[in-house]
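Below: one structure, written as structure tokens.
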Amino acid sequence: MNLLEVDGVHVVHKIRGRGLFGHRNVYALTDAHLVVHPGETIGVVGESGCGKSTLAKVIVGLQRPTAGSVRFRGKPLESGSGREVGMVFQDPATALNRRLAVARIIRDPLDVHRVGTPAERDDRVRELMSLVGLPPSVADAVPGQLSGGQRQRVAIARALALRPALLVADEPTSALDVSVRAQILNLLLDLREQLELAMVFVSHDIQTVKKMSDRIVTMYLGRIVEEAPAPELPEAARHPYTRALFSATPSLLHPVEPIVLTGPVPSATNPPSGCPFRTRCPKATGECAAELPPLSVADGGHTYRCIHPEIPTGVTA
Ligand SMILES: Nc1ncnc2c1ncn2[C@@H]1O[C@H](COP(=O)(O)OP(=O)(O)OP(=O)(O)O)[C@@H](O)[C@H]1O
């Protein structure tokens, strides 16, 4: 059975316009479809504002869809399955209550859900601290007394307290010093292995996402424009935008032809007709404005929305 199914989810925010213009809609997420299988890691990439965090919040139940549904093990997310999905946020400095001691922060979900006896909760907190590599000596410290890496370990321990089957990590290392990023990524990889966790890993750092993920979802202006097996990227990327993202942070192992994007990302209040990427796409033609490109399917569960796709070397279109 699928662990998680995001089915036709839209998130539209209403914002107050200036003067006589009344309300405007921000199309943060449009018709998102995504399936997560037990134990697999889905990477989500795209530029700032493309809807990555909105998708992450929808998956953990922090953002209610305007339309569409999210199902966990076949049941609507609202029906109590929320505790099976843990979330780690970008900045542990703001995500943690700065007045509470580490042990209290990690224990909080256990208290809220009344898991076991108080003594069992204490044991679980000790176990979680050891799992994420926190020494027992920091149990009584407050977040301000810890390093950034330690704070993120506290956040990860708290997210794992209720033994979720799925962990959503939204830019979990981007607020950290470069020197500790690898440690936190390795910790997430170890935990995934040890606990057989599924993960949704959100980052604008496409090379890290490639390393962490089984499949990669590319988002642009609120839409999923491509989903492909991570090991095959960037060579197999069909959507010019996925290629552009990879070519912006080239890797020696996987060189790609540079695709330089010009012009600003269009506003999510007024997305272009047809293909959302067409205003910046080097391959765009008049046809791209007419309608949203249909979902095309390539080998290996690879899907994309583009009518002028890149064709990988050695593949016939
Ligand atoms: N509460 C809100 N009210 C109005 N607009 C919002 C709200 N939350 C998000 N948005 C808008 O929705 C769009 C998607 O935002 P989201 O935070 O999901 O993008 P993102 O890809 O995660 O960006 P970043 O990488 O900068 O975090 C953006 O245009 C953003 O400005």
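Letters for chains follow the order of the structure tokens (A, B, ...), residue numbers begin at 1 for each chain, and ligand numbers begin at 1 in the order shown.
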
Write out as a ChimeraX atom specification each polymer residue (protein, DNA or RNA) that has an atom no more than 10 Å from ligand 1, with only C-alpha atoms and all ligand atoms counted.
/A:11-16,24-29,44-58,63,90,170-171,202-204,219-222,265-269

* Asked: Near Val225 (chain A), within 8 Å and counting only C-alpha atoms, which residues show up once chain neighbours fewer than 4 positions away are dropped, as a ChimeraX atom specification?
  -> /A:217-220,239,304-306

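Closest approach to Asp111 (chain A) among A:Leu188, A:Ala161, A:Cys275, A:Cys281: A:Ala161, based on only C-alpha atoms.
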
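One distance worth recording is that between CA of Leu245 (chain A) and CA of Leu261 (chain A), which is 9.2 Å.
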
Quiz item: What are the DSSP alpha helix (DSSP H) residues of region 57-261 of chain A, as a ChimeraX atom specification?
Solution: /A:57-60,92-95,102-112,118-131,148-160,178-195,206-212,240-248

* **Residue contacts of Pro164 (chain A) (10 Å, only C-alpha atoms) excluding same-chain residues fewer than 5 positions away, as a PyMOL selection string** => chain A and resi 81-87+159+195+197-198

Those residues you just picked out, can you put them in a file as an mmCIF file, in the first residue's frame with N, CA and C atoms?
data_model
loop_
_atom_site.group_PDB
_atom_site.id
_atom_site.type_symbol
_atom_site.label_atom_id
_atom_site.label_comp_id
_atom_site.auth_asym_id
_atom_site.auth_seq_id
_atom_site.Cartn_x
_atom_site.Cartn_y
_atom_site.Cartn_z
ATOM 1 N N SER A 81 -3.938 10.413 11.553
ATOM 2 C CA SER A 81 -2.697 9.812 11.067
ATOM 3 C C SER A 81 -1.551 10.822 11.138
ATOM 4 N N GLY A 82 -1.873 12.070 11.505
ATOM 5 C CA GLY A 82 -0.864 13.137 11.562
ATOM 6 C C GLY A 82 0.360 12.755 12.368
ATOM 7 N N ARG A 83 0.173 11.957 13.428
ATOM 8 C CA ARG A 83 1.322 11.619 14.260
ATOM 9 C C ARG A 83 2.269 10.644 13.593
ATOM 10 N N GLU A 84 1.849 10.090 12.458
ATOM 11 C CA GLU A 84 2.744 9.191 11.727
ATOM 12 C C GLU A 84 3.668 9.959 10.786
ATOM 13 N N VAL A 85 3.498 11.284 10.720
ATOM 14 C CA VAL A 85 4.354 12.103 9.869
ATOM 15 C C VAL A 85 5.064 13.122 10.751
ATOM 16 N N GLY A 86 6.393 13.079 10.771
ATOM 17 C CA GLY A 86 7.159 14.052 11.554
ATOM 18 C C GLY A 86 7.725 15.118 10.642
ATOM 19 N N MET A 87 8.000 16.299 11.216
ATOM 20 C CA MET A 87 8.545 17.363 10.367
ATOM 21 C C MET A 87 9.736 18.038 11.015
ATOM 22 N N ALA A 159 10.868 15.286 16.234
ATOM 23 C CA ALA A 159 10.070 14.833 15.085
ATOM 24 C C ALA A 159 9.923 13.314 15.069
ATOM 25 N N LEU A 195 15.593 3.203 10.965
ATOM 26 C CA LEU A 195 14.167 3.222 11.331
ATOM 27 C C LEU A 195 13.262 2.896 10.145
ATOM 28 N N LEU A 197 12.585 4.655 7.601
ATOM 29 C CA LEU A 197 11.723 5.820 7.408
ATOM 30 C C LEU A 197 11.548 6.135 5.929
ATOM 31 N N ALA A 198 10.372 6.606 5.571
ATOM 32 C CA ALA A 198 10.227 7.282 4.285
ATOM 33 C C ALA A 198 10.520 8.753 4.541
#

Leu162 (chain A): which residues within 12 Å, counting only C-alpha atoms, same-chain residues fewer than 4 positions away excluded, as a compact mmCIF listing (two decimals) with N, CA and C atoms, in the first residue's frame?
# COMPACT_ATOMS: atom_id res chain seq x y z
N SER A 81 -3.94 10.41 11.55
CA SER A 81 -2.70 9.81 11.07
C SER A 81 -1.55 10.82 11.14
N GLY A 82 -1.87 12.07 11.50
CA GLY A 82 -0.86 13.14 11.56
C GLY A 82 0.36 12.75 12.37
N ARG A 83 0.17 11.96 13.43
CA ARG A 83 1.32 11.62 14.26
C ARG A 83 2.27 10.64 13.59
N GLU A 84 1.85 10.09 12.46
CA GLU A 84 2.74 9.19 11.73
C GLU A 84 3.67 9.96 10.79
N VAL A 85 3.50 11.28 10.72
CA VAL A 85 4.35 12.10 9.87
C VAL A 85 5.06 13.12 10.75
N GLY A 86 6.39 13.08 10.77
CA GLY A 86 7.16 14.05 11.55
C GLY A 86 7.72 15.12 10.64
N MET A 87 8.00 16.30 11.22
CA MET A 87 8.55 17.36 10.37
C MET A 87 9.74 18.04 11.01
N ILE A 106 11.82 17.48 23.58
CA ILE A 106 11.71 16.17 22.92
C ILE A 106 10.54 15.38 23.48
N ARG A 107 10.27 15.59 24.77
CA ARG A 107 9.20 14.86 25.46
C ARG A 107 7.80 15.37 25.12
N ASP A 108 7.75 16.62 24.65
CA ASP A 108 6.45 17.26 24.46
C ASP A 108 5.45 16.43 23.64
N PRO A 109 5.83 15.92 22.45
CA PRO A 109 4.84 15.12 21.69
C PRO A 109 4.38 13.88 22.46
N LEU A 110 5.26 13.31 23.29
CA LEU A 110 4.89 12.11 24.07
C LEU A 110 3.87 12.48 25.13
N ASP A 111 4.05 13.68 25.73
CA ASP A 111 3.10 14.15 26.74
C ASP A 111 1.75 14.47 26.09
N VAL A 112 1.81 15.17 24.95
CA VAL A 112 0.56 15.58 24.28
C VAL A 112 -0.27 14.35 23.91
N HIS A 113 0.41 13.32 23.42
CA HIS A 113 -0.32 12.11 23.00
C HIS A 113 -0.40 11.04 24.09
N ARG A 114 0.05 11.42 25.31
CA ARG A 114 0.00 10.52 26.47
C ARG A 114 0.53 9.12 26.13
N VAL A 115 1.77 9.09 25.62
CA VAL A 115 2.38 7.83 25.24
C VAL A 115 3.03 7.20 26.47
N GLY A 116 2.55 6.03 26.90
CA GLY A 116 3.16 5.29 28.02
C GLY A 116 3.07 6.03 29.35
N ARG A 121 8.21 7.59 29.27
CA ARG A 121 8.51 8.78 28.45
C ARG A 121 9.93 9.25 28.70
N ARG A 124 12.19 7.03 26.86
CA ARG A 124 12.11 7.29 25.41
C ARG A 124 12.93 8.54 25.05
N VAL A 125 12.87 9.56 25.91
CA VAL A 125 13.64 10.79 25.65
C VAL A 125 15.13 10.46 25.63
N LEU A 128 15.89 8.66 22.43
CA LEU A 128 15.87 9.56 21.27
C LEU A 128 17.13 10.41 21.22
N ILE A 156 15.14 17.03 15.29
CA ILE A 156 14.96 15.71 14.65
C ILE A 156 14.46 14.71 15.70
N ALA A 157 15.03 14.75 16.91
CA ALA A 157 14.59 13.84 17.97
C ALA A 157 13.10 14.05 18.27
N ARG A 158 12.69 15.33 18.34
CA ARG A 158 11.28 15.62 18.61
C ARG A 158 10.39 15.10 17.48
N LEU A 166 6.98 8.47 8.26
CA LEU A 166 7.42 9.43 7.24
C LEU A 166 7.97 10.68 7.92
N LEU A 167 9.13 11.10 7.47
CA LEU A 167 9.72 12.34 8.01
C LEU A 167 9.81 13.35 6.87

As a check of understanding: the span from CA of Thr94 (chain A) to CA of Ser213 (chain A) is 26.5 Å

Long-range neighbours of region 133-148 of chain A as a PyMOL selection string, 10 Å cut-off, only C-alpha atoms, 6 positions minimum in chain:
chain A and resi 91-94+96-106+125-127+154+157+173+175-177+180-181+187

Could you give me the residues within region 34-165 of chain A that DSSP places in strand (DSSP E or B), as a ChimeraX atom specification? /A:34-36,41-45,67-72,75-76,85-88

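Comparing A:Ile224, A:Phe277, A:Asp190, A:Glu78 by their smallest distance to Val9 (chain A), the closest is A:Ile224 (using only C-alpha atoms).
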
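Comparing the minimum interatomic distances between Pro65 (chain A) and each of A:His10, A:Glu226, A:Val88, A:Pro118, counting only C-alpha atoms, we find that A:His10 sits nearest.
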
Shell of 9 Å around Met1 (chain A), only C-alpha atoms, local chain residues under 6 positions omitted, as a count of residues only = 4

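The smallest atom-to-atom distance between Gly39 (chain A) and any of A:Leu3, A:Ala95, A:Ile184, A:Ile59, using only C-alpha atoms, is found for A:Leu3.
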
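In this structure, CA of Phe201 (chain A) sits 24.2 Å away from CA of Ser296 (chain A).
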
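Every protein, DNA or RNA residue with an atom at most 12 Å from Thr313 (chain A), where only C-alpha atoms count and chain neighbours fewer than 5 positions away do not, is listed here: Pro234, Glu235, Ala236, Ala237, Arg238 and Val256 of chain A.
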